[in-house]
Amino acid sequence: MTSEISNSSALTGGGAPVAPSAGPRPRWNKVPEVTVYFWVIKVLCTTVGETAADLLAEKAGLGLTGVSVLMSALLALVLVVQFRTRAYRAGVYWTAVALISVVGTLISDNLTDNMGVPLETSTTVFAVILAVVFAVWYRRERTLSIHHIDTTGREGFYWLAVLFTFALGTAAGDLVSERMNLGYWLSAVLFALAIGAVAVAHLALGLNAVWSFWIAYVLTRPLGASIGDYLSQPTGDGGLGLGTVVTSVLFLAVILAMVVYLSVTRKDITEPRPARQTV
């Protein structure tokens, strides 16, 4: 699911290769290569999204609404910076992912906790919205490949899809956890096995690389959340009792170390390609 996906040809939703674009100057892909570093940081960001939302809402006393406003404002600011960059920058990109993981979690939590929307309903709604985003993205760009996030339009669709994968993953993960009552650790194992099944389907059965990526992307949200809850929640509730502060700081430190490493080594940088004549 790592280098195999990143090395796959850029596929459209129908499996046809994307025609190379011609242009006078190269454009860099605005997202990193999908390597093992990508998936590890993605899960860590997801875990931080879960624990940081709880930390700010409960320990900092901001409440669900206050945290939602604050995190949404920070995300908007970082996305402005992300859109203004001409190429992928690890620090900016992963800051946006970490913040969007918090906001995506809060969207689902607000619907469930503040508005009383059943998890079955929110899961269905988020799945439909994500499907619509993909449909419009493909209709406009004729590709859903993350190897070609090299125009403002494609980048907009990409971040919109990422937001709703987090919201969908939150709602679906909570729904599975509540219905099956597995506890944090077994829930994490279940979602890890589901991601493994997607990898097998891609590598052995030929599941489309683009769809393999996005399915795994959704599933990493409940996986990271289950890990975060297992580490942070009290032992009486089935966790290890580390607390949201320790868990958040620990994972943020690991994320920072990995992002600095990637910024220095540039191991996740894609090669530039000619820009499109029109955007």
# chains A, B, ... in the order shown; residues from 1 in each chain; ligands from 1
call {"tool": "closest_atom_pairs", "arguments": {"of": "segment 31-74 of chain A", "to": "segment 239-258 of chain A", "cutoff": "7 Å", "atoms": "only C-alpha atoms", "output": "JSON lines"}}
result
{"residue": "A:Ile41", "atom": "CA", "partner": "A:Ile255", "partner_atom": "CA", "distance": 6.1}
{"residue": "A:Leu44", "atom": "CA", "partner": "A:Phe251", "partner_atom": "CA", "distance": 6.1}
{"residue": "A:Val48", "atom": "CA", "partner": "A:Ser248", "partner_atom": "CA", "distance": 5.5}
{"residue": "A:Thr51", "atom": "CA", "partner": "A:Thr244", "partner_atom": "CA", "distance": 5.3}
{"residue": "A:Ala52", "atom": "CA", "partner": "A:Ser248", "partner_atom": "CA", "distance": 6.1}
{"residue": "A:Leu55", "atom": "CA", "partner": "A:Thr244", "partner_atom": "CA", "distance": 5.7}
call {"tool": "write_last_selection", "arguments": {"atoms": "all heavy atoms", "output": "PDB file, in the first residue's frame"}}
result
ATOM      1  N   ILE A  41       2.793   9.022   9.432  1.00  0.00           N
ATOM      2  CA  ILE A  41       2.439  10.374   9.865  1.00  0.00           C
ATOM      3  C   ILE A  41       0.935  10.580   9.811  1.00  0.00           C
ATOM      4  O   ILE A  41       0.346  11.241  10.678  1.00  0.00           O
ATOM      5  CB  ILE A  41       3.170  11.431   9.017  1.00  0.00           C
ATOM      6  CG1 ILE A  41       4.682  11.286   9.165  1.00  0.00           C
ATOM      7  CG2 ILE A  41       2.751  12.841   9.452  1.00  0.00           C
ATOM      8  CD1 ILE A  41       5.477  12.235   8.289  1.00  0.00           C
ATOM      9  N   LEU A  44      -0.549   9.063  12.878  1.00  0.00           N
ATOM     10  CA  LEU A  44      -0.182   9.880  14.036  1.00  0.00           C
ATOM     11  C   LEU A  44      -1.004  11.162  14.079  1.00  0.00           C
ATOM     12  O   LEU A  44      -1.466  11.582  15.148  1.00  0.00           O
ATOM     13  CB  LEU A  44       1.308  10.214  13.994  1.00  0.00           C
ATOM     14  CG  LEU A  44       2.285   9.041  14.164  1.00  0.00           C
ATOM     15  CD1 LEU A  44       3.726   9.520  13.986  1.00  0.00           C
ATOM     16  CD2 LEU A  44       2.106   8.380  15.525  1.00  0.00           C
ATOM     17  N   VAL A  48      -3.608  12.399  16.992  1.00  0.00           N
ATOM     18  CA  VAL A  48      -3.561  13.732  17.592  1.00  0.00           C
ATOM     19  C   VAL A  48      -4.895  14.452  17.403  1.00  0.00           C
ATOM     20  O   VAL A  48      -5.354  15.168  18.302  1.00  0.00           O
ATOM     21  CB  VAL A  48      -2.407  14.555  16.981  1.00  0.00           C
ATOM     22  CG1 VAL A  48      -2.520  16.021  17.379  1.00  0.00           C
ATOM     23  CG2 VAL A  48      -1.070  13.992  17.416  1.00  0.00           C
ATOM     24  N   THR A  51      -7.129  13.081  20.237  1.00  0.00           N
ATOM     25  CA  THR A  51      -6.748  13.458  21.600  1.00  0.00           C
ATOM     26  C   THR A  51      -6.728  14.973  21.786  1.00  0.00           C
ATOM     27  O   THR A  51      -7.105  15.480  22.844  1.00  0.00           O
ATOM     28  CB  THR A  51      -5.377  12.872  21.966  1.00  0.00           C
ATOM     29  OG1 THR A  51      -4.390  13.335  21.031  1.00  0.00           O
ATOM     30  CG2 THR A  51      -5.417  11.356  21.941  1.00  0.00           C
ATOM     31  N   ALA A  52      -6.285  15.723  20.761  1.00  0.00           N
ATOM     32  CA  ALA A  52      -6.223  17.181  20.884  1.00  0.00           C
ATOM     33  C   ALA A  52      -7.618  17.784  20.983  1.00  0.00           C
ATOM     34  O   ALA A  52      -7.835  18.746  21.728  1.00  0.00           O
ATOM     35  CB  ALA A  52      -5.472  17.777  19.699  1.00  0.00           C
ATOM     36  N   LEU A  55      -8.664  17.184  24.469  1.00  0.00           N
ATOM     37  CA  LEU A  55      -7.853  17.996  25.372  1.00  0.00           C
ATOM     38  C   LEU A  55      -8.347  19.436  25.414  1.00  0.00           C
ATOM     39  O   LEU A  55      -8.560  20.011  26.490  1.00  0.00           O
ATOM     40  CB  LEU A  55      -6.388  17.960  24.927  1.00  0.00           C
ATOM     41  CG  LEU A  55      -5.412  18.911  25.645  1.00  0.00           C
ATOM     42  CD1 LEU A  55      -5.325  18.549  27.122  1.00  0.00           C
ATOM     43  CD2 LEU A  55      -4.034  18.849  25.001  1.00  0.00           C
TER      44      LEU A  55
END
call {"tool": "residues_around", "arguments": {"residues": "Asp237 of chain A", "least_positions_apart": "4", "cutoff": "12 Å", "atoms": "only C-alpha atoms", "output": "ChimeraX atom specification"}}
result
/A:182-185,229-233,241
call {"tool": "residues_around", "arguments": {"residues": "Trp159 of chain A", "least_positions_apart": "4", "cutoff": "10 Å", "atoms": "only C-alpha atoms", "output": "mmCIF file with C-alpha atoms, in the first residue's frame"}}
result
data_model
loop_
_atom_site.group_PDB
_atom_site.id
_atom_site.type_symbol
_atom_site.label_atom_id
_atom_site.label_comp_id
_atom_site.auth_asym_id
_atom_site.auth_seq_id
_atom_site.Cartn_x
_atom_site.Cartn_y
_atom_site.Cartn_z
ATOM 1 C CA LEU A 79 -4.714 26.225 4.024
ATOM 2 C CA ALA A 96 -2.815 21.231 7.470
ATOM 3 C CA VAL A 97 -3.458 17.484 7.801
ATOM 4 C CA ILE A 100 -8.017 19.040 9.310
ATOM 5 C CA ARG A 154 -7.291 19.782 -8.055
ATOM 6 C CA GLU A 155 -5.824 20.935 -4.765
ATOM 7 C CA LEU A 163 -11.845 16.793 5.202
ATOM 8 C CA PHE A 164 -14.779 14.494 4.565
ATOM 9 C CA THR A 165 -12.658 11.332 4.843
#
call {"tool": "closest_residue", "arguments": {"among": "A:Ile227, A:Val69, A:Leu56, A:Ala172", "to": "Ala127 of chain A", "atoms": "only C-alpha atoms"}}
result
A:Ala172
call {"tool": "residues_around", "arguments": {"residues": "Thr121 of chain A", "least_positions_apart": "6", "cutoff": "12 Å", "atoms": "only C-alpha atoms", "output": "short mmCIF file (atom, residue, chain, number, x, y, z; two decimals) with N, CA, C and O atoms, in the first residue's frame"}}
result
data_model
loop_
_atom_site.label_atom_id
_atom_site.label_comp_id
_atom_site.auth_asym_id
_atom_site.auth_seq_id
_atom_site.Cartn_x
_atom_site.Cartn_y
_atom_site.Cartn_z
N SER A 108 -18.06 15.81 13.01
CA SER A 108 -18.85 14.63 13.39
C SER A 108 -19.33 14.72 14.83
O SER A 108 -20.50 14.43 15.13
N LEU A 111 -22.27 17.15 15.28
CA LEU A 111 -23.53 16.58 14.82
C LEU A 111 -24.09 15.58 15.83
O LEU A 111 -25.30 15.56 16.10
N THR A 112 -23.21 14.78 16.41
CA THR A 112 -23.66 13.73 17.34
C THR A 112 -24.00 14.29 18.72
O THR A 112 -25.07 14.02 19.27
N MET A 115 -26.14 18.22 18.24
CA MET A 115 -27.36 18.24 17.45
C MET A 115 -28.14 16.93 17.52
O MET A 115 -29.25 16.84 17.00
N ALA A 127 -20.66 9.84 3.76
CA ALA A 127 -20.31 8.96 2.64
C ALA A 127 -20.86 9.51 1.33
O ALA A 127 -20.17 9.50 0.29
N VAL A 128 -22.10 10.02 1.37
CA VAL A 128 -22.71 10.59 0.17
C VAL A 128 -21.97 11.86 -0.26
O VAL A 128 -21.68 12.06 -1.45
N LEU A 168 -16.06 11.25 7.83
CA LEU A 168 -16.64 9.92 7.61
C LEU A 168 -15.97 8.88 8.50
O LEU A 168 -16.64 8.05 9.12
N ALA A 171 -17.24 9.26 12.15
CA ALA A 171 -18.61 8.76 12.36
C ALA A 171 -18.68 7.25 12.22
O ALA A 171 -19.28 6.55 13.05
N ALA A 172 -18.05 6.72 11.16
CA ALA A 172 -18.09 5.27 10.94
C ALA A 172 -17.35 4.52 12.04
O ALA A 172 -17.80 3.46 12.50
N LEU A 175 -19.46 4.52 15.12
CA LEU A 175 -20.61 3.64 14.92
C LEU A 175 -20.21 2.18 15.13
O LEU A 175 -20.89 1.43 15.83
#
call {"tool": "closest_residue", "arguments": {"among": "A:Ile129, A:Trp94, A:Phe213, A:Leu223", "to": "Ser187 of chain A", "atoms": "only C-alpha atoms"}}
result
A:Leu223
call {"tool": "select_by_dssp", "arguments": {"residues": "segment 32-146 of chain A", "states": "helix (DSSP H, G or I)", "output": "ChimeraX atom specification"}}
result
/A:36-59,63-84,90-114,119-141,146
call {"tool": "closest_residue", "arguments": {"among": "A:Asn208, A:Thr152, A:Ser226, A:Val133", "to": "Gly173 of chain A", "atoms": "only C-alpha atoms"}}
result
A:Ser226
call {"tool": "residues_around", "arguments": {"residues": "segment 189-199 of chain A", "least_positions_apart": "2", "cutoff": "6 Å", "atoms": "only C-alpha atoms", "output": "PyMOL selection string"}}
result
chain A and resi 1+186-187+201-202+216+223
call {"tool": "write_last_selection", "arguments": {"atoms": "all heavy atoms", "output": "tab-separated table (two decimals), in the first residue's frame"}}
result
chain	number	residue	atom	x	y	z
A	1	MET	N	0.84	-1.21	0.00
A	1	MET	CA	0.00	0.00	0.00
A	1	MET	C	0.86	1.24	0.00
A	1	MET	O	0.41	2.33	-0.14
A	1	MET	CB	-0.89	-0.01	1.26
A	1	MET	CG	-1.84	1.16	1.36
A	1	MET	SD	-3.14	1.09	0.12
A	1	MET	CE	-3.98	-0.38	0.66
A	186	LEU	N	-9.16	-3.71	20.59
A	186	LEU	CA	-9.69	-4.60	19.56
A	186	LEU	C	-10.22	-3.82	18.36
A	186	LEU	O	-10.14	-4.29	17.23
A	186	LEU	CB	-10.80	-5.48	20.15
A	186	LEU	CG	-10.34	-6.61	21.08
A	186	LEU	CD1	-11.54	-7.39	21.61
A	186	LEU	CD2	-9.38	-7.54	20.35
A	187	SER	N	-10.73	-2.61	18.62
A	187	SER	CA	-11.17	-1.77	17.51
A	187	SER	C	-9.99	-1.40	16.62
A	187	SER	O	-10.08	-1.43	15.38
A	187	SER	CB	-11.84	-0.49	18.04
A	187	SER	OG	-13.04	-0.78	18.70
A	201	ALA	N	-5.97	-6.57	-1.51
A	201	ALA	CA	-6.83	-6.42	-2.69
A	201	ALA	C	-6.13	-5.64	-3.78
A	201	ALA	O	-6.27	-5.93	-4.97
A	201	ALA	CB	-8.14	-5.74	-2.30
A	202	HIS	N	-5.33	-4.65	-3.37
A	202	HIS	CA	-4.60	-3.85	-4.37
A	202	HIS	C	-3.42	-4.62	-4.95
A	202	HIS	O	-3.25	-4.69	-6.18
A	202	HIS	CB	-4.09	-2.56	-3.72
A	202	HIS	CG	-3.13	-1.80	-4.59
A	202	HIS	ND1	-3.50	-1.25	-5.80
A	202	HIS	CD2	-1.81	-1.52	-4.43
A	202	HIS	CE1	-2.45	-0.66	-6.34
A	202	HIS	NE2	-1.42	-0.81	-5.53
A	216	ALA	N	-8.18	3.24	2.14
A	216	ALA	CA	-7.24	3.15	3.26
A	216	ALA	C	-7.19	4.47	4.02
A	216	ALA	O	-7.08	4.50	5.25
A	216	ALA	CB	-5.85	2.77	2.75
A	223	LEU	N	-8.68	3.98	12.89
A	223	LEU	CA	-7.51	3.29	13.45
A	223	LEU	C	-6.75	4.21	14.39
A	223	LEU	O	-6.46	3.85	15.54
A	223	LEU	CB	-6.59	2.82	12.32
A	223	LEU	CG	-5.21	2.29	12.76
A	223	LEU	CD1	-5.37	1.03	13.63
A	223	LEU	CD2	-4.33	2.01	11.56
call {"tool": "residues_around", "arguments": {"residues": "Val264 of chain A", "least_positions_apart": "5", "cutoff": "12 Å", "atoms": "only C-alpha atoms", "output": "PyMOL selection string"}}
result
chain A and resi 89-91+257-259+269
call {"tool": "residues_around", "arguments": {"residues": "Leu64 of chain A", "least_positions_apart": "3", "cutoff": "10 Å", "atoms": "only C-alpha atoms", "output": "PyMOL selection string"}}
result
chain A and resi 53-54+56-58+61+67-69+106-107+109-110+113-114
call {"tool": "write_last_selection", "arguments": {"atoms": "C-alpha atoms", "output": "PDB file, in the first residue's frame"}}
result
ATOM      1  CA  ALA A  53      -9.939  17.737  20.326  1.00  0.00           C
ATOM      2  CA  ASP A  54     -10.688  16.097  23.682  1.00  0.00           C
ATOM      3  CA  LEU A  56      -8.957  21.432  24.192  1.00  0.00           C
ATOM      4  CA  ALA A  57     -12.646  20.791  24.802  1.00  0.00           C
ATOM      5  CA  GLU A  58     -12.285  19.358  28.298  1.00  0.00           C
ATOM      6  CA  GLY A  61     -12.400  24.449  29.007  1.00  0.00           C
ATOM      7  CA  VAL A  67     -12.703  24.345  19.924  1.00  0.00           C
ATOM      8  CA  SER A  68     -14.556  24.069  16.615  1.00  0.00           C
ATOM      9  CA  VAL A  69     -14.301  27.812  15.963  1.00  0.00           C
ATOM     10  CA  LEU A 106     -15.254  18.062  15.444  1.00  0.00           C
ATOM     11  CA  ILE A 107     -17.729  18.153  12.553  1.00  0.00           C
ATOM     12  CA  ASP A 109     -18.802  15.239  17.152  1.00  0.00           C
ATOM     13  CA  ASN A 110     -20.891  18.405  16.820  1.00  0.00           C
ATOM     14  CA  ASP A 113     -23.218  15.536  20.663  1.00  0.00           C
ATOM     15  CA  ASN A 114     -24.694  18.998  20.032  1.00  0.00           C
TER      16      ASN A 114
END
call {"tool": "atom_distance", "arguments": {"atom1": "atom CA of Arg84 of chain A", "atom2": "atom CA of Lys30 of chain A"}}
result
10.5 Å
call {"tool": "closest_residue", "arguments": {"among": "A:Ser122, A:Ala204, A:Leu262, A:Ala87", "to": "Val36 of chain A", "atoms": "only C-alpha atoms"}}
result
A:Leu262
